[in-house]
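S.K.: The structure file coords35.cif (mmCIF, C-alpha atoms) is provided below.
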data_protein
#
loop_
_atom_site.label_atom_id
_atom_site.label_comp_id
_atom_site.auth_asym_id
_atom_site.auth_seq_id
_atom_site.Cartn_x
_atom_site.Cartn_y
_atom_site.Cartn_z
CA MET A 68 -11.25 4.62 20.26
CA ASP A 69 -9.72 7.77 18.82
CA THR A 70 -12.27 9.85 16.94
CA SER A 71 -10.36 13.12 17.06
CA ARG A 72 -8.37 12.33 13.90
CA PRO A 73 -9.46 11.98 10.28
CA TYR A 74 -10.25 8.46 9.15
CA ASP A 75 -7.01 6.83 7.96
CA ILE A 76 -7.72 4.45 5.11
CA LEU A 77 -3.97 3.76 4.79
CA SER A 78 -3.64 2.59 8.39
CA VAL A 79 -1.85 -0.69 8.92
CA MET A 80 -4.94 -1.65 10.93
CA HIS A 81 -7.32 -1.17 7.99
CA TYR A 82 -8.59 -4.20 6.08
CA GLY A 83 -7.44 -4.54 2.51
CA ARG A 84 -9.66 -3.84 -0.50
CA ASN A 85 -10.53 -7.51 -1.06
CA ALA A 86 -10.83 -8.64 2.58
CA PHE A 87 -13.56 -11.23 3.07
CA ALA A 88 -14.27 -11.35 -0.68
CA VAL A 89 -15.92 -14.46 -2.06
CA ASN A 90 -14.39 -13.64 -5.46
CA GLU A 91 -10.89 -12.13 -4.97
CA SER A 92 -11.12 -10.11 -8.18
CA GLU A 93 -14.13 -8.19 -6.80
CA PRO A 94 -13.34 -5.67 -4.03
CA THR A 95 -15.47 -5.74 -0.91
CA MET A 96 -14.86 -2.02 -0.38
CA THR A 97 -13.78 0.94 -2.47
CA ALA A 98 -12.59 4.33 -1.32
CA LYS A 99 -13.73 7.67 -2.58
CA PRO A 100 -10.76 9.89 -3.50
CA ALA A 101 -11.38 12.31 -0.62
CA ALA A 102 -11.30 9.41 1.86
CA LEU A 103 -7.76 8.45 1.00
CA SER A 104 -5.73 9.23 4.09
CA GLY A 105 -7.54 12.33 5.24
CA GLY A 106 -7.98 13.81 1.78
CA ARG A 107 -4.30 13.56 0.77
CA ALA A 108 -5.22 11.63 -2.36
CA SER A 109 -2.16 12.83 -4.31
CA SER A 110 0.13 10.55 -2.32
CA ALA A 111 -2.39 7.98 -1.12
CA GLU A 112 -3.59 6.93 -4.58
CA LYS A 113 -0.30 5.10 -5.09
CA PHE A 114 -1.22 2.64 -2.37
CA ASP A 115 -3.97 0.13 -1.86
CA ILE A 116 -6.20 0.71 1.17
CA GLY A 117 -5.08 -0.99 4.34
CA ASN A 118 -1.38 -0.91 3.53
CA ARG A 119 0.94 -3.68 4.62
CA ILE A 120 4.11 -1.63 4.30
CA GLY A 121 4.08 -0.33 7.85
CA LEU A 122 2.56 2.34 10.03
CA SER A 123 1.01 5.37 8.39
CA GLN A 124 1.94 8.78 9.81
CA MET A 125 -1.42 8.92 11.58
CA ASP A 126 -0.76 5.45 13.09
CA ALA A 127 2.59 6.67 14.46
CA ASP A 128 1.06 9.91 15.80
CA GLN A 129 -1.71 7.99 17.52
CA LEU A 130 0.77 5.59 19.16
CA ALA A 131 2.91 8.48 20.36
CA ASP A 132 -0.14 10.18 21.86
CA HIS A 133 -1.12 6.94 23.58
CA TYR A 134 2.32 6.41 25.18
CA ARG A 135 2.78 10.07 26.12
CA SER A 136 0.94 9.36 29.38
CA GLU A 137 3.84 7.03 30.30
CA VAL A 138 6.70 9.09 28.81
CA SER A 139 5.86 12.78 28.57
CA THR A 140 8.46 13.40 25.83
CA CYS A 141 7.15 10.68 23.50
CA THR A 142 6.76 11.98 19.95
CA ALA A 143 6.36 10.24 16.62
CA ASN A 144 9.05 10.41 14.00
CA LYS A 145 7.98 11.76 10.61
CA LEU A 146 7.45 9.48 7.67
CA GLY A 147 9.86 10.62 5.00
CA GLY A 148 8.48 8.49 2.19
CA SER A 149 8.98 5.03 0.83
CA THR A 150 11.08 3.32 -1.77
CA CYS A 151 10.18 0.27 -3.80
CA THR A 152 12.34 -2.54 -5.11
CA GLU A 153 11.05 -5.07 -7.62
CA MET A 154 10.71 -8.51 -6.03
CA GLU A 155 12.76 -11.32 -7.49
CA LYS A 156 11.74 -14.89 -8.11
CA ASP A 157 14.32 -17.64 -7.61
CA GLY A 158 17.06 -15.03 -7.24
CA LYS A 159 16.39 -13.39 -10.62
CA ALA A 160 14.20 -10.58 -11.92
CA TRP A 161 10.59 -11.80 -12.17
CA VAL A 162 9.25 -12.78 -15.60
CA ASP A 163 6.00 -14.53 -16.48
CA PRO A 164 5.98 -17.95 -18.22
CA HIS A 165 6.36 -16.13 -21.57
CA GLY A 166 9.49 -14.25 -20.46
CA GLN A 167 7.71 -10.89 -20.06
CA GLY A 168 8.80 -8.78 -17.11
CA CYS A 169 7.55 -5.74 -15.24
CA ALA A 170 8.32 -3.26 -18.03
CA ILE A 171 6.18 -5.17 -20.53
CA TYR A 172 3.19 -5.28 -18.19
CA LEU A 173 3.49 -1.57 -17.45
CA GLN A 174 3.74 -0.86 -21.19
CA MET A 175 0.62 -2.94 -21.88
CA GLN A 176 -1.23 -0.95 -19.23
CA GLU A 177 -0.06 2.39 -20.62
CA GLU A 178 -1.10 1.37 -24.15
CA GLY A 179 -4.55 0.28 -22.92
CA GLN A 180 -4.04 -3.39 -23.77
CA ILE A 181 -4.84 -4.26 -20.15
CA GLU A 182 -6.77 -2.17 -17.65
CA SER A 183 -4.23 -2.64 -14.87
CA CYS A 184 -0.90 -4.43 -14.59
CA GLY A 185 -1.83 -5.21 -10.96
CA ARG A 186 -4.09 -8.02 -9.90
CA PRO A 187 -5.01 -10.56 -11.19
CA PHE A 188 -1.60 -10.59 -12.92
CA ALA A 189 1.45 -11.82 -11.02
CA SER A 190 3.09 -8.49 -11.94
CA GLY A 191 0.80 -7.03 -9.26
CA ARG A 192 2.89 -8.90 -6.70
CA TYR A 193 6.40 -8.49 -8.11
CA CYS A 194 6.43 -5.08 -9.87
CA CYS A 195 6.49 -1.73 -8.07
CA GLU A 196 4.61 0.17 -10.78
CA CYS A 197 1.87 -2.47 -10.72
CA GLY A 198 1.30 -2.17 -6.98
CA GLY A 199 3.66 -4.92 -5.91
CA GLY A 200 7.35 -5.08 -5.17
CA LEU A 201 9.00 -4.63 -1.81
CA ARG A 202 8.27 -1.23 -0.27
CA LEU A 203 10.37 0.17 2.54
CA GLN A 204 9.43 3.19 4.63
CA ALA A 205 11.90 5.82 5.81
CA TRP A 206 11.36 7.69 9.09
CA SER A 207 13.19 10.77 10.35
CA PRO A 208 13.28 12.24 13.87
#
Spit out the file's structure as structure tokens when you get a sec.
M.R.:
Amino acid sequence: MDTSRPYDILSVMHYGRNAFAVNESEPTMTAKPAALSGGRASSAEKFDIGNRIGLSQMDADQLADHYRSEVSTCTANKLGGSTCTEMEKDGKAWVDPHGQGCAIYLQMQEEGQIESCGRPFASGRYCCECGGGLRLQAWSP
């Protein structure tokens, strides 16, 4: 167990916010802002705890440290950020049964009509700005 690093709430190994929930709309854990990825809340707040995008930078650093005993030159690449693409449904841009897409849900959130365009709405799965979409990470040497 590695206790020399800050706690990484964005680790790929961390459970998600609703893990083991009896009622999926109620989180089983919530993070304080300072806990988000070692206090880097400005970038971490965009992501749900226990990301499923890929390794966090601290995950990669920890793996490199682990394998350095086998290969002395092992170092982790640096995470350069991520991009998000809206997910499609049946080969077309996602819309709900009423024909409303991601932009409408985001607008409703911004206008206060809904608290969040994420869960329990399907936009939380398909739309980047609602916490969904397909996120890809970029790494650089």
S.K.: Do a neighbour search on stretch 128-130 of chain A at 12 Å with only C-alpha atoms, toss out local chain neighbours closer than 6 positions, and write the hits as a list in words.
M.R.: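 The residues satisfying every condition are Met68, Asp69, Thr70, Ser71, Arg72, Pro73, Tyr74, Asp75, Ser78, Leu122, Ser136, Glu137, Val138, Cys141, Thr142, Ala143, Asn144, Lys145 and Leu146 of chain A.
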S.K.: I'd like the interatomic distance between atom CA of A:Pro187 and atom CA of A:Gly148, to a tenth of an Å.
M.R.: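 Atom CA of A:Gly148 lies at a distance of 26.9 Å from atom CA of A:Pro187.
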S.K.: Determine the residue membership of the PyMOL selection byres ((chain A and resi 157-168) around 10) for the file above and supply it as a PyMOL selection string.
M.R.: chain A and resi 153-156+169-173+188-190+192-194
S.K.: Between A:Gln180, A:Met80, A:Ser207, A:Tyr134, which residue has the minimum interatomic distance to A:Gly121, considering all atoms listed in the file?
M.R.: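 Once distances to A:Gly121 are computed over all atoms listed in the file, the minimum belongs to A:Met80.
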S.K.: Which distance in Å separates atom CA of A:Gln174 and atom CA of A:Gly200, to one decimal?
M.R.: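 One can read the atom CA of A:Gln174 to atom CA of A:Gly200 distance as 17.0 Å.
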S.K.: Would you mind reading off the distance between atom CA of A:Arg135 and atom CA of A:Leu203, one decimal, in Å?
M.R.: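 We find that atom CA of A:Arg135 and atom CA of A:Leu203 lie 26.7 Å from each other.
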S.K.: Any chance you could work out the axis-aligned box around stretch 180-187 of chain A, listed atoms only, 4 Å on each side, giving centre and edge lengths in Å to one decimal, as lines of an AutoDock Vina configuration file?
M.R.:
center_x = -3.8
center_y = -6.4
center_z = -16.8
size_x = 13.9
size_y = 16.4
size_z = 21.9
S.K.: Could you name the residues that touch A:Ser149 at 8 Å or less, counting all atoms listed in the file, but leaving out those on the same chain fewer than 4 positions away, as a list in words?
M.R.: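 Counting all atoms listed in the file, the residues come to Arg202, Leu203, Gln204 and Ala205 of chain A.
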S.K.: Keeping only C-alpha atoms, write those residues as a PDB file, in the coordinates of the input.
M.R.:
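This went into again_6.pdb:
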ATOM      1  CA  ARG A 202       8.270  -1.230  -0.270  1.00  0.00           C
ATOM      2  CA  LEU A 203      10.370   0.170   2.540  1.00  0.00           C
ATOM      3  CA  GLN A 204       9.430   3.190   4.630  1.00  0.00           C
ATOM      4  CA  ALA A 205      11.900   5.820   5.810  1.00  0.00           C
TER       5      ALA A 205
END
S.K.: Using only C-alpha atoms, which of the listed residues (A:Thr150, A:Ser123, A:Gln176, A:Ser183) sits closest to A:Val79?
M.R.: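 Of A:Thr150, A:Ser123, A:Gln176, A:Ser183, the one nearest A:Val79 is A:Ser123, counting only C-alpha atoms.
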S.K.: Measuring atom to atom with only C-alpha atoms, identify which of A:Gly191, A:Gly117, A:Gly179, A:Gly199 is nearest to A:Leu77.
M.R.: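 That would be A:Gly117, the residue with the smallest distance to A:Leu77.
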S.K.: Could you give me, as a PDB file with C-alpha atoms, keeping the file's coordinate frame, the residues within 7 Å of A:Asn85, counting all atoms listed in the file and dropping anything in the same chain fewer than 6 positions from it?
M.R.:
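Produced file out_38.pdb, reproduced below:
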ATOM      1  CA  GLU A  91     -10.890 -12.130  -4.970  1.00  0.00           C
ATOM      2  CA  GLU A  93     -14.130  -8.190  -6.800  1.00  0.00           C
ATOM      3  CA  PRO A  94     -13.340  -5.670  -4.030  1.00  0.00           C
ATOM      4  CA  THR A  95     -15.470  -5.740  -0.910  1.00  0.00           C
TER       5      THR A  95
END
